[in-house]
$ cat entry_34.cif   # mmCIF, N, CA and C atoms
data_protein
#
loop_
_atom_site.label_atom_id
_atom_site.label_comp_id
_atom_site.auth_asym_id
_atom_site.auth_seq_id
_atom_site.Cartn_x
_atom_site.Cartn_y
_atom_site.Cartn_z
N MET A 1 0.82 -1.20 0.00
CA MET A 1 0.00 0.00 0.00
C MET A 1 0.86 1.26 0.00
N GLY A 2 2.04 1.22 0.62
CA GLY A 2 2.92 2.39 0.66
C GLY A 2 3.42 2.82 -0.71
N MET A 3 3.65 1.85 -1.58
CA MET A 3 4.17 2.17 -2.91
C MET A 3 3.19 3.05 -3.69
N PRO A 4 1.90 2.70 -3.82
CA PRO A 4 1.00 3.56 -4.58
C PRO A 4 0.88 4.96 -3.99
N ILE A 5 0.84 5.08 -2.67
CA ILE A 5 0.74 6.40 -2.04
C ILE A 5 1.99 7.21 -2.33
N SER A 6 3.15 6.60 -2.21
CA SER A 6 4.41 7.30 -2.50
C SER A 6 4.45 7.72 -3.96
N HIS A 7 3.98 6.84 -4.84
CA HIS A 7 3.96 7.17 -6.26
C HIS A 7 3.05 8.36 -6.54
N ILE A 8 1.89 8.37 -5.92
CA ILE A 8 0.95 9.49 -6.09
C ILE A 8 1.57 10.79 -5.60
N MET A 9 2.19 10.75 -4.43
CA MET A 9 2.80 11.95 -3.86
C MET A 9 3.96 12.43 -4.74
N THR A 10 4.77 11.50 -5.22
CA THR A 10 5.90 11.85 -6.06
C THR A 10 5.42 12.47 -7.36
N SER A 11 4.41 11.86 -7.96
CA SER A 11 3.85 12.40 -9.20
C SER A 11 3.30 13.80 -8.97
N GLY A 12 2.67 14.00 -7.82
CA GLY A 12 2.13 15.31 -7.48
C GLY A 12 3.20 16.36 -7.30
N MET A 13 4.42 15.93 -6.95
CA MET A 13 5.54 16.86 -6.82
C MET A 13 6.29 16.99 -8.13
N SER A 14 5.71 16.51 -9.21
CA SER A 14 6.24 16.63 -10.57
C SER A 14 7.45 15.75 -10.86
N GLY A 15 7.68 14.72 -10.08
CA GLY A 15 8.78 13.79 -10.38
C GLY A 15 10.09 14.52 -10.62
N ILE A 16 10.76 14.19 -11.71
CA ILE A 16 12.07 14.79 -12.02
C ILE A 16 11.92 16.24 -12.50
N ARG A 17 10.72 16.69 -12.80
CA ARG A 17 10.53 18.10 -13.17
C ARG A 17 10.81 19.00 -11.96
N ALA A 18 10.65 18.45 -10.78
CA ALA A 18 10.92 19.21 -9.57
C ALA A 18 11.81 18.34 -8.67
N ALA A 19 11.31 17.92 -7.50
CA ALA A 19 12.14 17.10 -6.61
C ALA A 19 11.43 15.83 -6.16
N GLY A 20 10.35 15.48 -6.81
CA GLY A 20 9.58 14.30 -6.42
C GLY A 20 10.39 13.02 -6.44
N ASP A 21 11.27 12.88 -7.42
CA ASP A 21 12.07 11.67 -7.49
C ASP A 21 13.04 11.57 -6.32
N LEU A 22 13.56 12.71 -5.88
CA LEU A 22 14.51 12.72 -4.77
C LEU A 22 13.80 12.38 -3.46
N VAL A 23 12.62 12.94 -3.28
CA VAL A 23 11.83 12.66 -2.08
C VAL A 23 11.45 11.18 -2.05
N ALA A 24 11.02 10.65 -3.17
CA ALA A 24 10.64 9.24 -3.24
C ALA A 24 11.82 8.33 -2.93
N ARG A 25 13.01 8.69 -3.40
CA ARG A 25 14.20 7.89 -3.09
C ARG A 25 14.41 7.77 -1.59
N MET A 26 14.22 8.87 -0.89
CA MET A 26 14.42 8.85 0.56
C MET A 26 13.32 8.03 1.25
N GLU A 27 12.11 8.10 0.72
CA GLU A 27 11.02 7.29 1.28
C GLU A 27 11.33 5.81 1.12
N PHE A 28 11.75 5.40 -0.06
CA PHE A 28 12.00 3.99 -0.33
C PHE A 28 13.31 3.50 0.28
N ALA A 29 14.38 4.28 0.13
CA ALA A 29 15.71 3.83 0.58
C ALA A 29 15.87 3.88 2.09
N LYS A 30 15.27 4.88 2.72
CA LYS A 30 15.47 5.07 4.16
C LYS A 30 14.20 4.87 4.98
N GLY A 31 13.09 4.52 4.31
CA GLY A 31 11.84 4.29 5.02
C GLY A 31 11.27 5.54 5.66
N MET A 32 11.60 6.70 5.11
CA MET A 32 11.11 7.96 5.66
C MET A 32 9.65 8.18 5.27
N ARG A 33 8.92 8.87 6.12
CA ARG A 33 7.58 9.34 5.78
C ARG A 33 7.76 10.55 4.87
N ILE A 34 6.73 10.92 4.16
CA ILE A 34 6.87 11.97 3.15
C ILE A 34 7.34 13.30 3.74
N GLY A 35 6.82 13.71 4.88
CA GLY A 35 7.25 14.96 5.49
C GLY A 35 8.71 14.96 5.86
N GLU A 36 9.14 13.85 6.43
CA GLU A 36 10.55 13.69 6.82
C GLU A 36 11.44 13.69 5.58
N ALA A 37 11.00 13.00 4.52
CA ALA A 37 11.77 12.95 3.28
C ALA A 37 11.88 14.33 2.64
N LYS A 38 10.80 15.08 2.63
CA LYS A 38 10.83 16.43 2.07
C LYS A 38 11.80 17.31 2.86
N ASP A 39 11.73 17.23 4.18
CA ASP A 39 12.63 18.03 5.02
C ASP A 39 14.09 17.68 4.75
N TYR A 40 14.37 16.39 4.64
CA TYR A 40 15.74 15.92 4.41
C TYR A 40 16.27 16.44 3.07
N VAL A 41 15.48 16.26 2.01
CA VAL A 41 15.91 16.69 0.68
C VAL A 41 16.06 18.20 0.63
N ALA A 42 15.12 18.93 1.20
CA ALA A 42 15.20 20.40 1.20
C ALA A 42 16.48 20.86 1.90
N LYS A 43 16.81 20.22 3.01
CA LYS A 43 18.02 20.59 3.73
C LYS A 43 19.27 20.30 2.89
N LYS A 44 19.30 19.14 2.23
CA LYS A 44 20.45 18.78 1.39
C LYS A 44 20.60 19.74 0.21
N LEU A 45 19.47 20.21 -0.32
CA LEU A 45 19.51 21.12 -1.47
C LEU A 45 19.62 22.58 -1.06
N ASP A 46 19.48 22.85 0.24
CA ASP A 46 19.52 24.21 0.77
C ASP A 46 18.40 25.08 0.18
N VAL A 47 17.19 24.50 0.17
CA VAL A 47 15.99 25.22 -0.29
C VAL A 47 14.87 24.97 0.72
N THR A 48 13.75 25.64 0.54
CA THR A 48 12.59 25.39 1.40
C THR A 48 11.83 24.18 0.87
N THR A 49 10.99 23.59 1.70
CA THR A 49 10.19 22.46 1.24
C THR A 49 9.22 22.91 0.15
N ALA A 50 8.78 24.15 0.17
CA ALA A 50 7.91 24.67 -0.90
C ALA A 50 8.65 24.70 -2.23
N ASP A 51 9.95 24.99 -2.20
CA ASP A 51 10.76 25.02 -3.43
C ASP A 51 10.83 23.65 -4.11
N LEU A 52 10.67 22.58 -3.34
CA LEU A 52 10.79 21.24 -3.89
C LEU A 52 9.78 20.95 -4.99
N SER A 53 8.64 21.61 -4.96
CA SER A 53 7.63 21.39 -6.00
C SER A 53 7.56 22.53 -7.01
N ASP A 54 8.50 23.45 -6.94
CA ASP A 54 8.56 24.57 -7.88
C ASP A 54 9.45 24.17 -9.05
N GLU A 55 8.85 23.94 -10.21
CA GLU A 55 9.60 23.46 -11.37
C GLU A 55 10.68 24.42 -11.83
N TYR A 56 10.46 25.71 -11.66
CA TYR A 56 11.46 26.70 -12.10
C TYR A 56 12.68 26.70 -11.19
N VAL A 57 12.45 26.69 -9.89
CA VAL A 57 13.55 26.65 -8.92
C VAL A 57 14.34 25.36 -9.09
N MET A 58 13.61 24.24 -9.17
CA MET A 58 14.27 22.95 -9.23
C MET A 58 15.00 22.72 -10.55
N ARG A 59 14.48 23.24 -11.64
CA ARG A 59 15.15 23.06 -12.93
C ARG A 59 16.56 23.66 -12.86
N GLU A 60 16.63 24.88 -12.38
CA GLU A 60 17.93 25.56 -12.28
C GLU A 60 18.86 24.81 -11.32
N LEU A 61 18.32 24.40 -10.18
CA LEU A 61 19.12 23.71 -9.17
C LEU A 61 19.58 22.34 -9.66
N ARG A 62 18.69 21.60 -10.32
CA ARG A 62 19.06 20.28 -10.83
C ARG A 62 20.17 20.39 -11.87
N GLU A 63 20.10 21.40 -12.72
CA GLU A 63 21.16 21.62 -13.71
C GLU A 63 22.48 21.94 -13.00
N GLU A 64 22.41 22.85 -12.04
CA GLU A 64 23.60 23.28 -11.30
C GLU A 64 24.27 22.12 -10.56
N LEU A 65 23.46 21.24 -9.96
CA LEU A 65 23.99 20.12 -9.18
C LEU A 65 24.29 18.88 -10.02
N GLY A 66 23.87 18.89 -11.28
CA GLY A 66 24.11 17.74 -12.15
C GLY A 66 23.34 16.50 -11.74
N ILE A 67 22.09 16.68 -11.30
CA ILE A 67 21.30 15.55 -10.82
C ILE A 67 20.14 15.21 -11.76
N GLY A 68 20.26 15.63 -13.01
CA GLY A 68 19.29 15.24 -14.02
C GLY A 68 18.13 16.20 -14.17
N VAL A 69 17.75 16.42 -15.41
CA VAL A 69 16.59 17.25 -15.74
C VAL A 69 15.76 16.49 -16.77
N ILE A 70 14.54 16.91 -16.96
CA ILE A 70 13.62 16.19 -17.83
C ILE A 70 14.02 16.28 -19.30
N THR A 71 14.60 17.40 -19.71
CA THR A 71 15.07 17.54 -21.09
C THR A 71 16.58 17.64 -21.08
N SER A 72 17.18 17.12 -22.11
CA SER A 72 18.63 17.06 -22.18
C SER A 72 19.27 18.45 -22.28
N VAL A 73 20.38 18.61 -21.60
CA VAL A 73 21.17 19.84 -21.67
C VAL A 73 22.57 19.42 -22.09
N ALA A 74 23.07 20.01 -23.15
CA ALA A 74 24.39 19.65 -23.66
C ALA A 74 25.45 19.75 -22.56
N GLY A 75 26.19 18.67 -22.39
CA GLY A 75 27.29 18.66 -21.43
C GLY A 75 26.87 18.37 -19.99
N ALA A 76 25.58 18.35 -19.71
CA ALA A 76 25.09 18.09 -18.34
C ALA A 76 25.04 16.59 -18.08
N PRO A 77 25.30 16.19 -16.82
CA PRO A 77 25.22 14.76 -16.50
C PRO A 77 23.81 14.24 -16.74
N LYS A 78 23.72 13.01 -17.26
CA LYS A 78 22.43 12.36 -17.42
C LYS A 78 22.60 10.88 -17.16
N GLY A 79 21.53 10.18 -17.05
CA GLY A 79 21.58 8.74 -16.83
C GLY A 79 22.31 8.38 -15.55
N ILE A 80 23.21 7.41 -15.66
CA ILE A 80 23.92 6.90 -14.50
C ILE A 80 24.79 7.96 -13.84
N ALA A 81 25.34 8.90 -14.62
CA ALA A 81 26.16 9.97 -14.04
C ALA A 81 25.32 10.85 -13.13
N ALA A 82 24.10 11.18 -13.56
CA ALA A 82 23.21 11.98 -12.72
C ALA A 82 22.83 11.21 -11.47
N LYS A 83 22.57 9.90 -11.61
CA LYS A 83 22.22 9.07 -10.45
C LYS A 83 23.37 9.02 -9.44
N MET A 84 24.59 8.96 -9.93
CA MET A 84 25.74 8.94 -9.03
C MET A 84 25.86 10.27 -8.27
N ASN A 85 25.52 11.36 -8.93
CA ASN A 85 25.49 12.66 -8.24
C ASN A 85 24.39 12.69 -7.19
N ILE A 86 23.26 12.07 -7.47
CA ILE A 86 22.16 11.99 -6.49
C ILE A 86 22.61 11.19 -5.28
N GLU A 87 23.32 10.08 -5.51
CA GLU A 87 23.86 9.27 -4.40
C GLU A 87 24.68 10.14 -3.44
N LYS A 88 25.59 10.90 -4.01
CA LYS A 88 26.47 11.75 -3.19
C LYS A 88 25.66 12.81 -2.45
N LEU A 89 24.76 13.46 -3.17
CA LEU A 89 23.97 14.54 -2.59
C LEU A 89 23.12 14.07 -1.42
N LEU A 90 22.47 12.92 -1.57
CA LEU A 90 21.53 12.44 -0.55
C LEU A 90 22.14 11.43 0.42
N ASP A 91 23.42 11.14 0.27
CA ASP A 91 24.10 10.17 1.15
C ASP A 91 23.38 8.83 1.17
N LEU A 92 23.21 8.24 -0.01
CA LEU A 92 22.59 6.92 -0.08
C LEU A 92 23.19 6.13 -1.22
N LYS A 93 22.88 4.85 -1.26
CA LYS A 93 23.33 3.96 -2.33
C LYS A 93 22.16 3.69 -3.25
N ILE A 94 22.41 3.74 -4.55
CA ILE A 94 21.40 3.43 -5.54
C ILE A 94 21.85 2.14 -6.22
N ASN A 95 20.96 1.14 -6.25
CA ASN A 95 21.33 -0.18 -6.76
C ASN A 95 21.93 -0.14 -8.16
N SER A 96 21.36 0.63 -9.07
CA SER A 96 21.89 0.66 -10.44
C SER A 96 23.31 1.23 -10.47
N CYS A 97 23.61 2.16 -9.58
CA CYS A 97 24.97 2.71 -9.51
C CYS A 97 25.94 1.67 -8.97
N GLU A 98 25.51 0.94 -7.96
CA GLU A 98 26.34 -0.12 -7.39
C GLU A 98 26.64 -1.18 -8.47
N LYS A 99 25.61 -1.57 -9.21
CA LYS A 99 25.79 -2.57 -10.26
C LYS A 99 26.74 -2.05 -11.34
N PHE A 100 26.59 -0.80 -11.72
CA PHE A 100 27.46 -0.19 -12.73
C PHE A 100 28.91 -0.22 -12.27
N ARG A 101 29.14 0.20 -11.02
CA ARG A 101 30.51 0.19 -10.49
C ARG A 101 31.09 -1.23 -10.49
N GLY A 102 30.25 -2.23 -10.19
CA GLY A 102 30.69 -3.62 -10.19
C GLY A 102 31.10 -4.09 -11.58
N GLN A 103 30.45 -3.56 -12.61
CA GLN A 103 30.78 -3.94 -13.98
C GLN A 103 32.08 -3.30 -14.46
N LEU A 104 32.53 -2.25 -13.80
CA LEU A 104 33.76 -1.58 -14.20
C LEU A 104 35.01 -2.32 -13.77
N LYS A 105 34.86 -3.25 -12.84
CA LYS A 105 36.02 -3.97 -12.30
C LYS A 105 36.50 -5.05 -13.22
#
$ encode --input "entry_34.cif" --output "structure tokens"
Amino acid sequence: MGMPISHIMTSGMSGIRAAGDLVARMEFAKGMRIGEAKDYVAKKLDVTTADLSDEYVMRELREELGIGVITSVAGAPKGIAAKMNIEKLLDLKINSCEKFRGQLK
């Protein structure tokens, strides 16, 4: 039951258009409730929790931090590189990043 609710909340925060994907990661990876996850992400990004759902604020910030945007930007990190930046930013491990690093050995 938690998955559909988290998905609804994340979609409502515009997913990668804003910070919904980051909040959802904290909910799933650390078992945080949505309020706690929003507070954590806002603190890591140095923005208010209201900014997390503002597509204009988050677009600029996501580009600056290299954590992925909905449309491609030349030279900006995307895919696994953006996910690795998210790992560092949020202090967590992402399975696809771990698997990628394992394939490099």
$ select_by_dssp --input "entry_34.cif" --residues "chain A" --states "alpha helix (DSSP H)" --output "tab-separated table (two decimals) with N, CA and C atoms, keeping the file's coordinate frame"
chain	number	residue	atom	x	y	z
A	2	GLY	N	2.04	1.22	0.62
A	2	GLY	CA	2.92	2.39	0.66
A	2	GLY	C	3.42	2.82	-0.71
A	3	MET	N	3.65	1.85	-1.58
A	3	MET	CA	4.17	2.17	-2.91
A	3	MET	C	3.19	3.05	-3.69
A	4	PRO	N	1.90	2.70	-3.82
A	4	PRO	CA	1.00	3.56	-4.58
A	4	PRO	C	0.88	4.96	-3.99
A	5	ILE	N	0.84	5.08	-2.67
A	5	ILE	CA	0.74	6.40	-2.04
A	5	ILE	C	1.99	7.21	-2.33
A	6	SER	N	3.15	6.60	-2.21
A	6	SER	CA	4.41	7.30	-2.50
A	6	SER	C	4.45	7.72	-3.96
A	7	HIS	N	3.98	6.84	-4.84
A	7	HIS	CA	3.96	7.17	-6.26
A	7	HIS	C	3.05	8.36	-6.54
A	8	ILE	N	1.89	8.37	-5.92
A	8	ILE	CA	0.95	9.49	-6.09
A	8	ILE	C	1.57	10.79	-5.60
A	9	MET	N	2.19	10.75	-4.43
A	9	MET	CA	2.80	11.95	-3.86
A	9	MET	C	3.96	12.43	-4.74
A	10	THR	N	4.77	11.50	-5.22
A	10	THR	CA	5.90	11.85	-6.06
A	10	THR	C	5.42	12.47	-7.36
A	11	SER	N	4.41	11.86	-7.96
A	11	SER	CA	3.85	12.40	-9.20
A	11	SER	C	3.30	13.80	-8.97
A	12	GLY	N	2.67	14.00	-7.82
A	12	GLY	CA	2.13	15.31	-7.48
A	12	GLY	C	3.20	16.36	-7.30
A	20	GLY	N	10.35	15.48	-6.81
A	20	GLY	CA	9.58	14.30	-6.42
A	20	GLY	C	10.39	13.02	-6.44
A	21	ASP	N	11.27	12.88	-7.42
A	21	ASP	CA	12.07	11.67	-7.49
A	21	ASP	C	13.04	11.57	-6.32
A	22	LEU	N	13.56	12.71	-5.88
A	22	LEU	CA	14.51	12.72	-4.77
A	22	LEU	C	13.80	12.38	-3.46
A	23	VAL	N	12.62	12.94	-3.28
A	23	VAL	CA	11.83	12.66	-2.08
A	23	VAL	C	11.45	11.18	-2.05
A	24	ALA	N	11.02	10.65	-3.17
A	24	ALA	CA	10.64	9.24	-3.24
A	24	ALA	C	11.82	8.33	-2.93
A	25	ARG	N	13.01	8.69	-3.40
A	25	ARG	CA	14.20	7.89	-3.09
A	25	ARG	C	14.41	7.77	-1.59
A	26	MET	N	14.22	8.87	-0.89
A	26	MET	CA	14.42	8.85	0.56
A	26	MET	C	13.32	8.03	1.25
A	27	GLU	N	12.11	8.10	0.72
A	27	GLU	CA	11.02	7.29	1.28
A	27	GLU	C	11.33	5.81	1.12
A	28	PHE	N	11.75	5.40	-0.06
A	28	PHE	CA	12.00	3.99	-0.33
A	28	PHE	C	13.31	3.50	0.28
A	29	ALA	N	14.38	4.28	0.13
A	29	ALA	CA	15.71	3.83	0.58
A	29	ALA	C	15.87	3.88	2.09
A	30	LYS	N	15.27	4.88	2.72
A	30	LYS	CA	15.47	5.07	4.16
A	30	LYS	C	14.20	4.87	4.98
A	34	ILE	N	6.73	10.92	4.16
A	34	ILE	CA	6.87	11.97	3.15
A	34	ILE	C	7.34	13.30	3.74
A	35	GLY	N	6.82	13.71	4.88
A	35	GLY	CA	7.25	14.96	5.49
A	35	GLY	C	8.71	14.96	5.86
A	36	GLU	N	9.14	13.85	6.43
A	36	GLU	CA	10.55	13.69	6.82
A	36	GLU	C	11.44	13.69	5.58
A	37	ALA	N	11.00	13.00	4.52
A	37	ALA	CA	11.77	12.95	3.28
A	37	ALA	C	11.88	14.33	2.64
A	38	LYS	N	10.80	15.08	2.63
A	38	LYS	CA	10.83	16.43	2.07
A	38	LYS	C	11.80	17.31	2.86
A	39	ASP	N	11.73	17.23	4.18
A	39	ASP	CA	12.63	18.03	5.02
A	39	ASP	C	14.09	17.68	4.75
A	40	TYR	N	14.37	16.39	4.64
A	40	TYR	CA	15.74	15.92	4.41
A	40	TYR	C	16.27	16.44	3.07
A	41	VAL	N	15.48	16.26	2.01
A	41	VAL	CA	15.91	16.69	0.68
A	41	VAL	C	16.06	18.20	0.63
A	42	ALA	N	15.12	18.93	1.20
A	42	ALA	CA	15.20	20.40	1.20
A	42	ALA	C	16.48	20.86	1.90
A	43	LYS	N	16.81	20.22	3.01
A	43	LYS	CA	18.02	20.59	3.73
A	43	LYS	C	19.27	20.30	2.89
A	44	LYS	N	19.30	19.14	2.23
A	44	LYS	CA	20.45	18.78	1.39
A	44	LYS	C	20.60	19.74	0.21
A	45	LEU	N	19.47	20.21	-0.32
A	45	LEU	CA	19.51	21.12	-1.47
A	45	LEU	C	19.62	22.58	-1.06
A	55	GLU	N	8.85	23.94	-10.21
A	55	GLU	CA	9.60	23.46	-11.37
A	55	GLU	C	10.68	24.42	-11.83
A	56	TYR	N	10.46	25.71	-11.66
A	56	TYR	CA	11.46	26.70	-12.10
A	56	TYR	C	12.68	26.70	-11.19
A	57	VAL	N	12.45	26.69	-9.89
A	57	VAL	CA	13.55	26.65	-8.92
A	57	VAL	C	14.34	25.36	-9.09
A	58	MET	N	13.61	24.24	-9.17
A	58	MET	CA	14.27	22.95	-9.23
A	58	MET	C	15.00	22.72	-10.55
A	59	ARG	N	14.48	23.24	-11.64
A	59	ARG	CA	15.15	23.06	-12.93
A	59	ARG	C	16.56	23.66	-12.86
A	60	GLU	N	16.63	24.88	-12.38
A	60	GLU	CA	17.93	25.56	-12.28
A	60	GLU	C	18.86	24.81	-11.32
A	61	LEU	N	18.32	24.40	-10.18
A	61	LEU	CA	19.12	23.71	-9.17
A	61	LEU	C	19.58	22.34	-9.66
A	62	ARG	N	18.69	21.60	-10.32
A	62	ARG	CA	19.06	20.28	-10.83
A	62	ARG	C	20.17	20.39	-11.87
A	63	GLU	N	20.10	21.40	-12.72
A	63	GLU	CA	21.16	21.62	-13.71
A	63	GLU	C	22.48	21.94	-13.00
A	64	GLU	N	22.41	22.85	-12.04
A	64	GLU	CA	23.60	23.28	-11.30
A	64	GLU	C	24.27	22.12	-10.56
A	65	LEU	N	23.46	21.24	-9.96
A	65	LEU	CA	23.99	20.12	-9.18
A	65	LEU	C	24.29	18.88	-10.02
A	80	ILE	N	23.21	7.41	-15.66
A	80	ILE	CA	23.92	6.90	-14.50
A	80	ILE	C	24.79	7.96	-13.84
A	81	ALA	N	25.34	8.90	-14.62
A	81	ALA	CA	26.16	9.97	-14.04
A	81	ALA	C	25.32	10.85	-13.13
A	82	ALA	N	24.10	11.18	-13.56
A	82	ALA	CA	23.21	11.98	-12.72
A	82	ALA	C	22.83	11.21	-11.47
A	83	LYS	N	22.57	9.90	-11.61
A	83	LYS	CA	22.22	9.07	-10.45
A	83	LYS	C	23.37	9.02	-9.44
A	84	MET	N	24.59	8.96	-9.93
A	84	MET	CA	25.74	8.94	-9.03
A	84	MET	C	25.86	10.27	-8.27
A	85	ASN	N	25.52	11.36	-8.93
A	85	ASN	CA	25.49	12.66	-8.24
A	85	ASN	C	24.39	12.69	-7.19
A	86	ILE	N	23.26	12.07	-7.47
A	86	ILE	CA	22.16	11.99	-6.49
A	86	ILE	C	22.61	11.19	-5.28
A	87	GLU	N	23.32	10.08	-5.51
A	87	GLU	CA	23.86	9.27	-4.40
A	87	GLU	C	24.68	10.14	-3.44
A	88	LYS	N	25.59	10.90	-4.01
A	88	LYS	CA	26.47	11.75	-3.19
A	88	LYS	C	25.66	12.81	-2.45
A	89	LEU	N	24.76	13.46	-3.17
A	89	LEU	CA	23.97	14.54	-2.59
A	89	LEU	C	23.12	14.07	-1.42
A	90	LEU	N	22.47	12.92	-1.57
A	90	LEU	CA	21.53	12.44	-0.55
A	90	LEU	C	22.14	11.43	0.42
A	95	ASN	N	20.96	1.14	-6.25
A	95	ASN	CA	21.33	-0.18	-6.76
A	95	ASN	C	21.93	-0.14	-8.16
A	96	SER	N	21.36	0.63	-9.07
A	96	SER	CA	21.89	0.66	-10.44
A	96	SER	C	23.31	1.23	-10.47
A	97	CYS	N	23.61	2.16	-9.58
A	97	CYS	CA	24.97	2.71	-9.51
A	97	CYS	C	25.94	1.67	-8.97
A	98	GLU	N	25.51	0.94	-7.96
A	98	GLU	CA	26.34	-0.12	-7.39
A	98	GLU	C	26.64	-1.18	-8.47
A	99	LYS	N	25.61	-1.57	-9.21
A	99	LYS	CA	25.79	-2.57	-10.26
A	99	LYS	C	26.74	-2.05	-11.34
A	100	PHE	N	26.59	-0.80	-11.72
A	100	PHE	CA	27.46	-0.19	-12.73
A	100	PHE	C	28.91	-0.22	-12.27
A	101	ARG	N	29.14	0.20	-11.02
A	101	ARG	CA	30.51	0.19	-10.49
A	101	ARG	C	31.09	-1.23	-10.49
A	102	GLY	N	30.25	-2.23	-10.19
A	102	GLY	CA	30.69	-3.62	-10.19
A	102	GLY	C	31.10	-4.09	-11.58
A	103	GLN	N	30.45	-3.56	-12.61
A	103	GLN	CA	30.78	-3.94	-13.98
A	103	GLN	C	32.08	-3.30	-14.46
$ resolve_selection --input "entry_34.cif" --expression "the PyMOL selection byres (((chain A and resi 18 and name CA) around 8) and name CA)" --output "JSON, numbers by chain"
{"A": [13, 14, 15, 16, 17, 19, 20, 21, 52, 53, 54, 55, 56, 57, 58, 59]}
$ residues_around --input "entry_34.cif" --residues "region 84-100 of chain A" --least-positions-apart "4" --cutoff "6.5 Å" --atoms "all atoms listed in the file" --output "ChimeraX atom specification"
/A:44,66-67,79-80,104
$ atom_distance --input "entry_34.cif" --atom1 "atom C of Arg101 (chain A)" --atom2 "CA of Tyr40 (chain A)"
27.4 Å
$ atom_distance --input "entry_34.cif" --atom1 "CA of Ala50 (chain A)" --atom2 "atom N of Ser72 (chain A)"
24.3 Å
$ resolve_selection --input "entry_34.cif" --expression "the PyMOL selection byres ((chain A and resi 37) around 8)" --output "list in words"
Leu22, Val23, Ala24, Arg25, Met26, Glu27, Gly31, Met32, Arg33, Ile34, Gly35, Glu36, Lys38, Asp39, Tyr40, Val41, Ala42 and Lys43 of chain A
$ write_last_selection --input "entry_34.cif" --atoms "N, CA and C atoms" --output "compact mmCIF listing (two decimals), in the coordinates of the input"
# COMPACT_ATOMS: atom_id res chain seq x y z
N LEU A 22 13.56 12.71 -5.88
CA LEU A 22 14.51 12.72 -4.77
C LEU A 22 13.80 12.38 -3.46
N VAL A 23 12.62 12.94 -3.28
CA VAL A 23 11.83 12.66 -2.08
C VAL A 23 11.45 11.18 -2.05
N ALA A 24 11.02 10.65 -3.17
CA ALA A 24 10.64 9.24 -3.24
C ALA A 24 11.82 8.33 -2.93
N ARG A 25 13.01 8.69 -3.40
CA ARG A 25 14.20 7.89 -3.09
C ARG A 25 14.41 7.77 -1.59
N MET A 26 14.22 8.87 -0.89
CA MET A 26 14.42 8.85 0.56
C MET A 26 13.32 8.03 1.25
N GLU A 27 12.11 8.10 0.72
CA GLU A 27 11.02 7.29 1.28
C GLU A 27 11.33 5.81 1.12
N GLY A 31 13.09 4.52 4.31
CA GLY A 31 11.84 4.29 5.02
C GLY A 31 11.27 5.54 5.66
N MET A 32 11.60 6.70 5.11
CA MET A 32 11.11 7.96 5.66
C MET A 32 9.65 8.18 5.27
N ARG A 33 8.92 8.87 6.12
CA ARG A 33 7.58 9.34 5.78
C ARG A 33 7.76 10.55 4.87
N ILE A 34 6.73 10.92 4.16
CA ILE A 34 6.87 11.97 3.15
C ILE A 34 7.34 13.30 3.74
N GLY A 35 6.82 13.71 4.88
CA GLY A 35 7.25 14.96 5.49
C GLY A 35 8.71 14.96 5.86
N GLU A 36 9.14 13.85 6.43
CA GLU A 36 10.55 13.69 6.82
C GLU A 36 11.44 13.69 5.58
N LYS A 38 10.80 15.08 2.63
CA LYS A 38 10.83 16.43 2.07
C LYS A 38 11.80 17.31 2.86
N ASP A 39 11.73 17.23 4.18
CA ASP A 39 12.63 18.03 5.02
C ASP A 39 14.09 17.68 4.75
N TYR A 40 14.37 16.39 4.64
CA TYR A 40 15.74 15.92 4.41
C TYR A 40 16.27 16.44 3.07
N VAL A 41 15.48 16.26 2.01
CA VAL A 41 15.91 16.69 0.68
C VAL A 41 16.06 18.20 0.63
N ALA A 42 15.12 18.93 1.20
CA ALA A 42 15.20 20.40 1.20
C ALA A 42 16.48 20.86 1.90
N LYS A 43 16.81 20.22 3.01
CA LYS A 43 18.02 20.59 3.73
C LYS A 43 19.27 20.30 2.89
$ atom_distance --input "entry_34.cif" --atom1 "atom N of Gly68 (chain A)" --atom2 "atom N of Lys83 (chain A)"
6.3 Å
$ closest_residue --input "entry_34.cif" --among "A:Leu61, A:Val69, A:Ala29, A:Ala82" --to "Val47 (chain A)" --atoms "only C-alpha atoms"
A:Leu61
